[in-house]
Structure formats: C-alpha cells, structure tokens
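*Asks:* This is the content of data-v4.txt (compact mmCIF, C-alpha atoms and all ligand atoms):
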# COMPACT_ATOMS: atom_id res chain seq x y z
CA MET W 152 20.10 1.52 2.55
CA LYS W 153 19.09 -2.07 3.32
CA TYR W 154 16.04 -2.11 1.01
CA TYR W 155 15.31 -0.26 -2.24
CA PRO W 156 11.82 1.34 -2.16
CA ILE W 157 9.65 1.16 -5.28
CA PHE W 158 5.92 1.55 -6.09
CA LEU W 159 4.69 -1.46 -8.05
CA ASP W 160 1.80 -1.43 -10.51
CA LEU W 161 -0.14 -4.56 -9.50
CA LYS W 162 -3.31 -3.88 -11.49
CA ASP W 163 -4.65 -7.23 -12.78
CA ARG W 164 -1.50 -9.06 -11.65
CA ASP W 165 -1.90 -12.48 -10.04
CA CYS W 166 -0.58 -12.71 -6.48
CA LEU W 167 -0.64 -15.64 -4.08
CA VAL W 168 -1.07 -15.33 -0.32
CA VAL W 169 -0.55 -18.50 1.71
CA GLY W 170 -2.22 -18.45 5.12
CA GLY W 171 -5.56 -17.02 6.19
CA GLY W 172 -4.93 -15.43 9.62
CA GLY W 173 -4.53 -11.79 10.63
CA VAL W 174 -1.26 -11.23 8.81
CA ALA W 175 -2.45 -12.84 5.56
CA THR W 176 -5.66 -10.80 5.79
CA ARG W 177 -3.76 -7.50 6.10
CA LYS W 178 -1.55 -8.38 3.13
CA THR W 179 -4.50 -9.53 1.00
CA MET W 180 -6.39 -6.29 1.65
CA GLY W 181 -3.38 -4.18 0.69
CA LEU W 182 -2.90 -6.13 -2.53
CA CYS W 183 -6.57 -5.80 -3.34
CA ARG W 184 -6.49 -2.01 -2.78
CA ALA W 185 -3.74 -1.89 -5.42
CA GLY W 186 -5.93 -3.74 -7.93
CA ALA W 187 -4.18 -7.14 -7.81
CA ARG W 188 -5.99 -10.44 -8.28
CA VAL W 189 -5.31 -12.42 -5.13
CA ARG W 190 -5.57 -16.16 -4.55
CA VAL W 191 -5.48 -17.07 -0.87
CA VAL W 192 -4.54 -20.66 -0.08
CA SER W 193 -4.99 -21.67 3.55
CA LYS W 194 -6.29 -24.34 5.89
CA GLY W 195 -8.63 -21.72 7.36
CA PHE W 196 -9.67 -18.10 6.87
CA SER W 197 -10.35 -15.09 9.09
CA GLN W 198 -13.94 -13.80 9.20
CA LYS W 199 -12.76 -10.65 7.42
CA LEU W 200 -11.39 -12.66 4.49
CA GLU W 201 -14.57 -14.75 4.31
CA ALA W 202 -16.59 -11.52 4.23
CA GLN W 203 -14.39 -9.87 1.57
CA LYS W 204 -14.12 -12.68 -0.96
CA ASN W 205 -15.04 -11.52 -4.48
CA ASP W 206 -13.75 -11.85 -8.03
CA ASN W 207 -10.41 -10.35 -6.97
CA ILE W 208 -10.02 -12.34 -3.74
CA ARG W 209 -10.39 -16.08 -4.28
CA LEU W 210 -10.14 -18.35 -1.25
CA GLU W 211 -8.97 -21.96 -1.53
CA CYS W 212 -9.29 -23.98 1.64
CA LYS W 213 -6.42 -26.50 1.56
CA PRO W 214 -2.82 -26.95 2.72
CA TYR W 215 -0.10 -25.33 0.58
CA GLU W 216 1.35 -27.35 -2.31
CA THR W 217 4.20 -26.33 -4.62
CA SER W 218 1.84 -26.37 -7.61
CA ASP W 219 -0.08 -23.45 -6.02
CA LEU W 220 2.68 -21.11 -7.15
CA GLY W 221 1.84 -21.46 -10.84
CA GLU W 222 2.58 -18.27 -12.74
CA VAL W 223 2.11 -15.76 -9.94
CA PHE W 224 3.87 -12.38 -9.96
CA LEU W 225 4.40 -12.16 -6.18
CA VAL W 226 3.93 -14.61 -3.33
CA PHE W 227 3.35 -13.94 0.36
CA ALA W 228 3.99 -16.73 2.88
CA ALA W 229 1.99 -15.98 6.02
CA THR W 230 1.17 -19.34 7.56
CA SER W 231 1.76 -20.12 11.23
CA SER W 232 4.24 -22.83 10.21
CA ARG W 233 7.85 -21.69 9.84
CA GLU W 234 8.57 -24.89 7.94
CA VAL W 235 5.80 -24.28 5.37
CA ASN W 236 6.82 -20.62 5.00
CA LEU W 237 10.41 -21.65 4.26
CA ARG W 238 9.25 -24.24 1.75
CA ILE W 239 7.27 -21.53 -0.06
CA GLN W 240 10.39 -19.37 -0.11
CA GLU W 241 12.45 -22.19 -1.65
CA ASP W 242 9.75 -22.98 -4.23
CA ALA W 243 9.50 -19.28 -5.17
CA ARG W 244 13.28 -18.91 -5.45
CA ASP W 245 13.45 -21.98 -7.75
CA ARG W 246 10.91 -20.28 -10.04
CA GLY W 247 12.29 -16.74 -9.87
CA ILE W 248 9.16 -15.42 -8.13
CA LEU W 249 9.68 -12.61 -5.61
CA CYS W 250 8.46 -13.60 -2.16
CA ASN W 251 7.68 -12.07 1.22
CA ILE W 252 7.94 -14.35 4.24
CA ALA W 253 5.99 -13.08 7.26
CA ASP W 254 8.28 -14.65 9.85
CA ALA W 255 11.63 -14.56 8.02
CA PRO W 256 12.56 -11.08 6.77
CA GLU W 257 16.13 -12.21 6.17
CA ARG W 258 14.86 -14.74 3.61
CA SER W 259 12.38 -12.34 1.95
CA ASP W 260 13.01 -10.59 -1.36
CA PHE W 261 10.99 -7.60 -0.14
CA ILE W 262 9.23 -6.39 2.99
CA LEU W 263 6.05 -4.34 3.34
CA PRO W 264 5.87 -0.77 4.57
CA SER W 265 3.20 0.87 6.69
CA VAL W 266 1.02 2.92 4.35
CA VAL W 267 -0.97 6.15 4.45
CA GLU W 268 -3.26 6.51 1.46
CA ARG W 269 -4.88 9.82 0.52
CA GLY W 270 -5.94 9.31 -3.07
CA ASP W 271 -2.84 9.74 -5.22
CA LEU W 272 -0.72 10.63 -2.19
CA VAL W 273 0.81 7.46 -0.80
CA CYS W 274 3.29 7.60 2.10
CA ALA W 275 5.10 4.34 2.77
CA VAL W 276 7.12 3.97 5.98
CA SER W 277 9.68 1.29 6.64
CA THR W 278 12.01 0.64 9.53
CA SER W 279 13.84 -1.98 7.42
CA GLY W 280 12.34 -4.62 9.69
CA SER W 281 13.79 -3.16 12.89
CA SER W 282 10.49 -2.11 14.46
CA PRO W 283 7.10 -2.70 12.76
CA ALA W 284 5.45 -1.13 15.83
CA LEU W 285 7.34 2.12 15.13
CA ALA W 286 6.43 2.01 11.42
CA LYS W 287 2.78 1.78 12.49
CA LYS W 288 3.13 4.66 14.97
CA ILE W 289 4.74 6.89 12.34
CA ARG W 290 1.97 5.94 9.91
CA LYS W 291 -0.59 7.14 12.47
CA ASP W 292 1.35 10.40 13.01
CA LEU W 293 1.43 10.96 9.24
CA GLU W 294 -2.33 10.35 9.06
CA GLN W 295 -2.79 13.28 11.45
CA MET W 296 -0.39 15.45 9.48
CA PHE W 297 -1.89 14.61 6.06
CA GLY W 298 -5.66 14.46 6.51
CA PRO W 299 -8.36 13.38 4.02
CA GLU W 300 -8.20 16.86 2.37
CA TYR W 301 -4.97 15.74 0.69
CA THR W 302 -7.04 13.51 -1.62
CA GLY W 303 -8.73 16.64 -3.04
CA PHE W 304 -5.47 18.60 -3.01
CA LEU W 305 -3.77 15.94 -5.15
CA LEU W 306 -6.72 15.91 -7.55
CA LEU W 307 -6.36 19.69 -7.88
CA MET W 308 -2.57 19.61 -8.34
CA GLY W 309 -2.81 16.68 -10.78
CA ASN W 310 -5.43 18.42 -12.92
CA ILE W 311 -3.58 21.77 -12.91
CA ARG W 312 -0.40 19.99 -13.98
CA LYS W 313 -2.20 18.03 -16.71
CA LYS W 314 -3.81 21.21 -18.10
CA MET W 315 -0.53 23.13 -18.06
CA LEU W 316 1.42 20.30 -19.72
CA GLU W 317 -1.26 20.00 -22.39
CA GLU W 318 -0.87 23.71 -23.15
CA ASP W 319 2.90 23.93 -23.04
CA HIS W 320 6.09 22.16 -21.92
CA ASP W 321 8.14 24.72 -20.02
CA PRO W 322 9.89 22.95 -17.15
CA VAL W 323 11.61 26.07 -15.79
CA SER W 324 8.54 28.27 -15.35
CA HIS W 325 6.32 25.27 -14.43
CA LYS W 326 8.68 24.32 -11.63
CA LYS W 327 8.41 27.83 -10.12
CA ILE W 328 4.62 27.74 -10.25
CA PHE W 329 4.21 24.23 -8.81
CA THR W 330 6.72 24.95 -6.06
CA ALA W 331 4.82 28.13 -5.14
CA LEU W 332 1.44 26.34 -5.27
CA VAL W 333 2.42 23.66 -2.76
CA GLU W 334 3.48 26.42 -0.31
CA LYS W 335 0.06 28.11 -0.35
CA ASN W 336 -1.72 26.14 2.36
CA LEU W 337 -4.32 24.92 -0.14
CA PRO W 338 -5.07 21.72 1.85
CA ALA W 339 -6.43 23.83 4.75
CA MET W 340 -8.60 25.84 2.32
CA ILE W 341 -9.88 22.58 0.78
CA ALA W 342 -10.67 21.19 4.26
CA ALA W 343 -12.64 24.39 4.98
CA ASN W 344 -14.28 24.21 1.53
CA ASP W 345 -13.21 27.85 1.05
CA GLU W 346 -13.61 28.07 -2.72
CA THR W 347 -13.13 31.85 -2.75
CA ARG W 348 -9.65 31.73 -1.20
CA ILE W 349 -8.65 28.74 -3.35
CA ASN W 350 -9.60 30.69 -6.50
CA LEU W 351 -7.67 33.76 -5.31
CA VAL W 352 -4.53 31.61 -5.06
CA LEU W 353 -5.14 30.02 -8.47
CA VAL W 354 -5.65 33.40 -10.16
CA GLU W 355 -2.57 34.86 -8.45
CA LEU W 356 -0.26 32.04 -9.55
CA LEU W 357 -1.87 30.69 -12.71
CA GLY W 358 -3.95 33.53 -14.16
CA PRO W 359 -7.45 33.13 -15.59
CA GLY W 360 -8.85 29.78 -16.76
CA PHE W 361 -7.93 27.81 -13.65
CA ASP W 362 -10.94 27.87 -11.36
CA TYR W 363 -11.43 25.27 -8.65
CA GLN W 364 -14.93 24.19 -9.66
CA SER W 365 -13.90 23.24 -13.19
CA LEU W 366 -10.57 21.67 -12.14
CA VAL W 367 -12.15 19.55 -9.38
CA PRO W 368 -15.92 19.38 -9.92
CA GLN W 369 -17.61 19.26 -6.49
CA GLU W 370 -20.76 17.32 -5.80
CA GLN W 371 -23.57 19.77 -5.09
C1 LIG C 401 9.92 -7.42 8.25
C2 LIG C 401 8.40 -7.34 8.04
C3 LIG C 401 8.11 -8.34 6.93
C4 LIG C 401 6.77 -8.16 6.26
O1 LIG C 401 5.76 -8.58 6.81
O2 LIG C 401 6.77 -7.59 5.14
C5 LIG C 401 7.63 -7.65 9.29
C6 LIG C 401 7.93 -8.69 10.13
C7 LIG C 401 7.35 -8.98 11.38
N1 LIG C 401 6.39 -8.21 11.99
C8 LIG C 401 6.10 -8.73 13.23
C9 LIG C 401 5.26 -8.13 14.18
C10 LIG C 401 4.43 -7.00 13.99
N2 LIG C 401 4.06 -6.48 12.75
C11 LIG C 401 3.22 -5.45 12.93
C12 LIG C 401 2.63 -4.67 11.92
C13 LIG C 401 3.06 -4.55 10.62
N3 LIG C 401 4.13 -5.20 10.07
C14 LIG C 401 4.43 -4.71 8.86
C15 LIG C 401 5.55 -5.04 8.10
C16 LIG C 401 6.59 -5.89 8.44
N4 LIG C 401 6.57 -6.81 9.43
C17 LIG C 401 7.89 -5.92 7.69
C18 LIG C 401 8.84 -4.84 8.21
C19 LIG C 401 8.26 -3.46 8.24
C20 LIG C 401 9.19 -2.46 8.81
O3 LIG C 401 9.45 -2.42 10.00
O4 LIG C 401 9.72 -1.68 8.04
C21 LIG C 401 3.48 -3.61 8.47
C22 LIG C 401 4.26 -2.29 8.52
C23 LIG C 401 2.90 -3.72 7.07
C24 LIG C 401 2.04 -4.94 6.80
O5 LIG C 401 2.21 -6.01 7.35
O6 LIG C 401 1.13 -4.75 5.97
C25 LIG C 401 2.39 -3.70 9.59
C26 LIG C 401 1.86 -2.37 10.16
C27 LIG C 401 0.72 -1.88 9.32
C28 LIG C 401 0.08 -0.69 9.92
O7 LIG C 401 -0.85 -0.85 10.75
O8 LIG C 401 0.41 0.43 9.53
C29 LIG C 401 3.02 -5.26 14.34
C30 LIG C 401 2.17 -4.15 14.95
C31 LIG C 401 0.79 -4.62 15.33
O9 LIG C 401 0.41 -5.77 15.06
O10 LIG C 401 0.09 -3.79 15.94
C32 LIG C 401 3.77 -6.24 15.01
C33 LIG C 401 3.93 -6.43 16.53
C34 LIG C 401 4.91 -5.36 17.09
C35 LIG C 401 6.34 -5.47 16.59
O11 LIG C 401 6.88 -6.59 16.50
O12 LIG C 401 6.94 -4.40 16.30
C36 LIG C 401 6.83 -9.95 13.38
C37 LIG C 401 6.71 -10.88 14.57
C38 LIG C 401 7.84 -10.70 15.52
C39 LIG C 401 7.63 -11.58 16.75
O13 LIG C 401 7.61 -12.79 16.58
O14 LIG C 401 7.43 -11.01 17.83
C40 LIG C 401 7.61 -10.10 12.21
C41 LIG C 401 8.59 -11.20 11.89
C42 LIG C 401 10.02 -10.82 12.21
O15 LIG C 401 10.34 -9.64 12.46
O16 LIG C 401 10.84 -11.75 12.21
N1 LIG C 402 4.96 -9.78 9.08
C1 LIG C 402 4.14 -9.37 10.00
O1 LIG C 402 3.65 -8.26 9.96
C2 LIG C 402 3.82 -10.28 11.14
C3 LIG C 402 4.19 -11.60 11.05
N2 LIG C 402 3.84 -12.46 12.01
C4 LIG C 402 4.13 -13.89 11.68
O2 LIG C 402 3.20 -14.22 10.60
C5 LIG C 402 2.73 -15.55 10.69
C6 LIG C 402 1.20 -15.60 10.63
O3 LIG C 402 0.63 -14.86 11.69
P1 LIG C 402 -0.95 -14.82 11.95
O4 LIG C 402 -1.65 -14.46 10.71
O5 LIG C 402 -1.15 -14.02 13.15
O6 LIG C 402 -1.20 -16.39 12.27
P2 LIG C 402 -2.58 -17.21 12.37
O7 LIG C 402 -2.29 -18.39 13.25
O8 LIG C 402 -3.72 -16.31 12.68
O9 LIG C 402 -2.81 -17.74 10.88
C7 LIG C 402 -2.02 -18.71 10.30
C8 LIG C 402 -2.75 -19.25 9.09
O10 LIG C 402 -1.90 -20.20 8.42
C9 LIG C 402 -2.72 -21.26 7.95
N3 LIG C 402 -1.89 -22.44 7.72
C10 LIG C 402 -1.16 -23.15 8.62
N4 LIG C 402 -0.51 -24.17 7.99
C11 LIG C 402 -0.82 -24.08 6.68
C12 LIG C 402 -0.46 -24.83 5.52
N5 LIG C 402 0.34 -25.92 5.59
N6 LIG C 402 -0.98 -24.48 4.31
C13 LIG C 402 -1.81 -23.40 4.22
N7 LIG C 402 -2.18 -22.66 5.29
C14 LIG C 402 -1.70 -22.99 6.49
C15 LIG C 402 -3.75 -21.44 9.06
O11 LIG C 402 -4.90 -22.11 8.57
C16 LIG C 402 -4.04 -19.98 9.44
O12 LIG C 402 -5.07 -19.45 8.61
C17 LIG C 402 3.34 -16.08 11.97
O13 LIG C 402 4.43 -16.86 11.57
C18 LIG C 402 3.81 -14.89 12.77
O14 LIG C 402 4.98 -15.18 13.48
C19 LIG C 402 3.13 -12.08 13.10
C20 LIG C 402 2.75 -10.77 13.27
C21 LIG C 402 3.07 -9.77 12.28
Kindly return the structure encoded in the file as structure tokens.

*Replies:*
Amino acid sequence: MKYYPIFLDLKDRDCLVVGGGGVATRKTMGLCRAGARVRVVSKGFSQKLEAQKNDNIRLECKPYETSDLGEVFLVFAATSSREVNLRIQEDARDRGILCNIADAPERSDFILPSVVERGDLVCAVSTSGSSPALAKKIRKDLEQMFGPEYTGFLLLMGNIRKKMLEEDHDPVSHKKIFTALVEKNLPAMIAANDETRINLVLVELLGPGFDYQSLVPQEQ
C-alpha cells in the first residue's frame, strides 16, 4: 500500500491553503466541512471562495511568504506556480508540518481522496494518485449505491449501539445483533419512510424498547 489511510479530527485546527483557484477552493471547502479553521493566502480568489468567506475561512490577498506557515497543523500548496508550491513544501518540511502539494504528489506527505458523505458514513476513495478522474467516477457510483437515506440509517445504528452499550457490554451477543441489523435492508425502509416495517425489524432483533420514533425523532 503506497499510502496509509486515516480519518483526521480537524475540528478547530488551523490549516493553511495557498492559492485561490479551483483546486484551492475544493480543498478549502473540504477542510471547512470537517470543522477546520482555514486561512487562504493567494494573489486572487475564486468567486466561490469570496462568497464563502466567514469566521472559519479567512482570505488574505497577497503572495505567499514563509512566515505564513506559522503554527499551522496542515498546509496545502495549490498555486499555479510549481516553484512557489515547492518552496511551500520545503518550508513545511523544515518546520515538521505535513503538506499536500497539488502538482507534486511525489513531494506530498499526504494526498486527498474523493469523498462521499452521508452523515456519519464517509467513504473515501483513492487511486494513490494514478487516476483522480477514476476516483471521482467511483465516488459518483458510490453516491448512487449509498443514497441520502444512509444518513438516517447511521443515526439509527449509532443510537441503537449507544443505548445497548449503555445498558450492557456484551461484545459476543452485540456483534450478532449488529451484524443481523445491517443485513435487514433498513436503508430502503428509511427511504420509503416505512416506520411500521422498521419497527418490526427492531422488535424482532432487539425486543421491546427500541422503536424508531424515539431512536431517531422525525420532524412532523
Ligand atoms: C495526487 C493528488 C494530490 C492531491 O491533490 O491531493 C492529485 C493530483 C492531481 N490531480 C490532477 C487532476 C485532476 N484532479 C481531479 C480531481 C480530484 N483530485 C483529487 C485528488 C488528487 N489529485 C490526489 C490523488 C487522488 C487519487 O487519485 O487518489 C480529488 C480526488 C480530491 C480533491 O482534490 O479534493 C478530486 C476529485 C474530487 C471529486 O470530485 O470527487 C480531476 C477530475 C476533475 O477535475 O474533474 C483531475 C483531471 C483528471 C485527471 O487528471 O485524472 C492533477 C493534474 C494533472 C495534469 O497536469 O494533467 C494532479 C497533479 C499530478 O497528478 O501530478
Ligand atoms: N490536485 C488536484 O486535484 C489538481 C491539481 N492541479 C494543479 O493545481 C494547481 C492549481 O490549479 P488551479 O486551482 O486550477 O489553478 P488557478 O490558476 O485557477 O489558481 C492558481 C491560484 O494560485 C494563486 N497564486 C499564484 N502565485 C501565487 C503566489 N506566489 N502566492 C499566492 N498565490 C499565488 C493565483 O492567484 C490563483 O488564485 C496547478 O498547479 C495544477 O497543475 C490541477 C487540477 C487538479
């Protein structure tokens, strides 16, 4: 395996994106969705970045300088200048900051996957840099396979698991139940809003006290 996949907790972490074009915009939005505080340093900004700026996306219109790195957790070099991107990489390496270089994967500490997000379900696809176009195509295929109903399904599974672990720690019997639950086609029932069938499954596998409405309160 060329790269080791991990899921980082970026909540309230400072990240720096250098560049303000399409690539920098995509990376900034992804960081922001994960709760990071992003500073974007660039000689110009896309309309989308201009429209999105807020407390968590700060835009600084200027050329990159080494001092921009400061104490950041991660840095993304996404300028149109290969020379500037490589300088950022060297500056980051000198300071022990992990960096992603948009036009030089071989110099990057990490690369970004294509991501499907359905609430707590996150599918990240990487081709290890071999074909970003294929990563994007597979992401779109996965979006068809795992529709928006998976957000509700994960809420349900998460709340069932929480309730069961609060009541008792019994990994052997829990494993059987959770494995059976994920085989029950609940996402399709959630998509159809078929509360009756969902509750039949919950009663069959979990017994009384696990009804859908109280596990995942629905807006009326
Ligand atoms: C190595 C990596 C480094 C990194 O950026 O982390 C990298 C590098 C490069 N990408 C280039 C091109 C394209 N990148 C995309 C799209 C995405 N690129 C992303 C990630 C990555 N891109 C990392 C590897 C990911 C992997 O494959 O596992 C995604 C998944 C995530 C994201 O960026 O957020 C996002 C899809 C998001 C989505 O929609 O799901 C498209 C498609 C399009 O634009 O429609 C194209 C044109 C088609 C093509 O080239 O395939 C070039 C220019 C090459 C040239 O000069 O021609 C380089 C530089 C190079 O390879 O040297
Ligand atoms: N990793 C990826 O997914 C992809 C990477 N690329 C590569 O990413 C890079 C950026 O692509 P785009 O966003 O499409 O380019 P772009 O030309 O739209 O944006 C480049 C940005 O860099 C800024 N910039 C240039 N010199 C600067 C400096 N000295 N200091 C600060 N900002 C500076 C410009 O103002 C502009 O906002 C290119 O090198 C391209 O080859 C391209 C496509 C996908």

*Asks:* Can you pull out every residue within 9 Å of W:Pro299, counting all atoms listed in the file, but drop anything in the same chain fewer than 4 positions away, and send it as a list in words?

*Replies:* Glu268, Arg269, Gly270, Glu294, Gly303 and Ala342 of chain W

*Asks:* List all protein, DNA and RNA residues that have an atom no more than 6 Å from any atom of ligand LIG 402 (chain C), counting all atoms listed in the file, and report them as an NGL selection string.

*Replies:* :W and (169-175 or 192-196 or 214-215 or 229-232 or 235 or 253-254)

*Asks:* Using all atoms listed in the file, which residues have at least one atom no more than 9 Å from ligand LIG 401 (chain C)? Output them as an NGL selection string.

*Replies:* :W and (173-175 or 177-181 or 227 or 229 or 251-257 or 259 or 261-267 or 275-291)

*Asks:* Could you save those same residues with C-alpha atoms as a compact mmCIF listing (two decimals), in the coordinates of the input?

*Replies:*
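Done, and the output landed in result35.txt:
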# COMPACT_ATOMS: atom_id res chain seq x y z
CA GLY W 173 -4.53 -11.79 10.63
CA VAL W 174 -1.26 -11.23 8.81
CA ALA W 175 -2.45 -12.84 5.56
CA ARG W 177 -3.76 -7.50 6.10
CA LYS W 178 -1.55 -8.38 3.13
CA THR W 179 -4.50 -9.53 1.00
CA MET W 180 -6.39 -6.29 1.65
CA GLY W 181 -3.38 -4.18 0.69
CA PHE W 227 3.35 -13.94 0.36
CA ALA W 229 1.99 -15.98 6.02
CA ASN W 251 7.68 -12.07 1.22
CA ILE W 252 7.94 -14.35 4.24
CA ALA W 253 5.99 -13.08 7.26
CA ASP W 254 8.28 -14.65 9.85
CA ALA W 255 11.63 -14.56 8.02
CA PRO W 256 12.56 -11.08 6.77
CA GLU W 257 16.13 -12.21 6.17
CA SER W 259 12.38 -12.34 1.95
CA PHE W 261 10.99 -7.60 -0.14
CA ILE W 262 9.23 -6.39 2.99
CA LEU W 263 6.05 -4.34 3.34
CA PRO W 264 5.87 -0.77 4.57
CA SER W 265 3.20 0.87 6.69
CA VAL W 266 1.02 2.92 4.35
CA VAL W 267 -0.97 6.15 4.45
CA ALA W 275 5.10 4.34 2.77
CA VAL W 276 7.12 3.97 5.98
CA SER W 277 9.68 1.29 6.64
CA THR W 278 12.01 0.64 9.53
CA SER W 279 13.84 -1.98 7.42
CA GLY W 280 12.34 -4.62 9.69
CA SER W 281 13.79 -3.16 12.89
CA SER W 282 10.49 -2.11 14.46
CA PRO W 283 7.10 -2.70 12.76
CA ALA W 284 5.45 -1.13 15.83
CA LEU W 285 7.34 2.12 15.13
CA ALA W 286 6.43 2.01 11.42
CA LYS W 287 2.78 1.78 12.49
CA LYS W 288 3.13 4.66 14.97
CA ILE W 289 4.74 6.89 12.34
CA ARG W 290 1.97 5.94 9.91
CA LYS W 291 -0.59 7.14 12.47

*Asks:* Which neighbours of stretch 237-248 of chain W fall inside 8 Å, counting only C-alpha atoms, when residues of the same chain fewer than 3 positions from it are skipped, and could you give them as a list in words?

*Replies:*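 Final neighbour list, sorted by chain and number: Thr217, Leu220, Val223, Phe224, Leu225, Val226, Ala228, Arg233, Glu234, Asn251, Ile252, Arg258 and Ser259 of chain W.
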
*Asks:* Find the residue from W:Glu300, W:Glu370, W:Leu356, W:Leu249 that sits nearest to W:Lys335; use all atoms listed in the file when measuring.

*Replies:* W:Leu356

*Asks:* One decimal, in Å: what's the spacing between atom CA of W:Cys183 and atom CA of W:Phe304?

*Replies:*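 A separation of 24.4 Å between them.
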
*Asks:* At what distance in Å, to one decimal, does atom CA of W:Leu293 lie from atom CA of W:Gln198?

*Replies:*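 Calculated distance between atom CA of W:Gln198 and atom CA of W:Leu293 is 29.1 Å.
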
*Asks:* Could you state the separation of atom CA of W:Asp321 and atom CA of W:Leu306 in Å, given to one decimal place?

*Replies:*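 These atoms are spaced 21.3 Å apart.
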
*Asks:* The centre and edge lengths of an axis-aligned box containing all atoms of stretch 254-273 of chain W present in the file, extended by 8 Å on each side, are to be given in Å to one decimal, as AutoDock Vina command-line options.

*Replies:*
--center_x 5.1 --center_y -2.1 --center_z 2.3 --size_x 38.1 --size_y 41.4 --size_z 31.1

*Asks:* Which is closer to W:Tyr301 than all the others in W:Met315, W:Leu353, W:Val323, W:Ile341, using all atoms listed in the file?

*Replies:*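 Closest to W:Tyr301 of all the choices is W:Ile341.
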
*Asks:* Mind listing whatever residues come within 12 Å of the point (3.6, 27.2, -5.8)? Use only C-alpha atoms, file coordinates, and give them as a VMD selection string.

*Replies:* chain W and resid 308 311 to 312 324 to 337 352 to 357

*Asks:* Write the selection just made, keeping C-alpha atoms, as a PDB file, in the coordinates of the input?

*Replies:*
ATOM      1  CA  MET W 308      -2.570  19.610  -8.340  1.00  0.00           C
ATOM      2  CA  ILE W 311      -3.580  21.770 -12.910  1.00  0.00           C
ATOM      3  CA  ARG W 312      -0.400  19.990 -13.980  1.00  0.00           C
ATOM      4  CA  SER W 324       8.540  28.270 -15.350  1.00  0.00           C
ATOM      5  CA  HIS W 325       6.320  25.270 -14.430  1.00  0.00           C
ATOM      6  CA  LYS W 326       8.680  24.320 -11.630  1.00  0.00           C
ATOM      7  CA  LYS W 327       8.410  27.830 -10.120  1.00  0.00           C
ATOM      8  CA  ILE W 328       4.620  27.740 -10.250  1.00  0.00           C
ATOM      9  CA  PHE W 329       4.210  24.230  -8.810  1.00  0.00           C
ATOM     10  CA  THR W 330       6.720  24.950  -6.060  1.00  0.00           C
ATOM     11  CA  ALA W 331       4.820  28.130  -5.140  1.00  0.00           C
ATOM     12  CA  LEU W 332       1.440  26.340  -5.270  1.00  0.00           C
ATOM     13  CA  VAL W 333       2.420  23.660  -2.760  1.00  0.00           C
ATOM     14  CA  GLU W 334       3.480  26.420  -0.310  1.00  0.00           C
ATOM     15  CA  LYS W 335       0.060  28.110  -0.350  1.00  0.00           C
ATOM     16  CA  ASN W 336      -1.720  26.140   2.360  1.00  0.00           C
ATOM     17  CA  LEU W 337      -4.320  24.920  -0.140  1.00  0.00           C
ATOM     18  CA  VAL W 352      -4.530  31.610  -5.060  1.00  0.00           C
ATOM     19  CA  LEU W 353      -5.140  30.020  -8.470  1.00  0.00           C
ATOM     20  CA  VAL W 354      -5.650  33.400 -10.160  1.00  0.00           C
ATOM     21  CA  GLU W 355      -2.570  34.860  -8.450  1.00  0.00           C
ATOM     22  CA  LEU W 356      -0.260  32.040  -9.550  1.00  0.00           C
ATOM     23  CA  LEU W 357      -1.870  30.690 -12.710  1.00  0.00           C
TER      24      LEU W 357
END
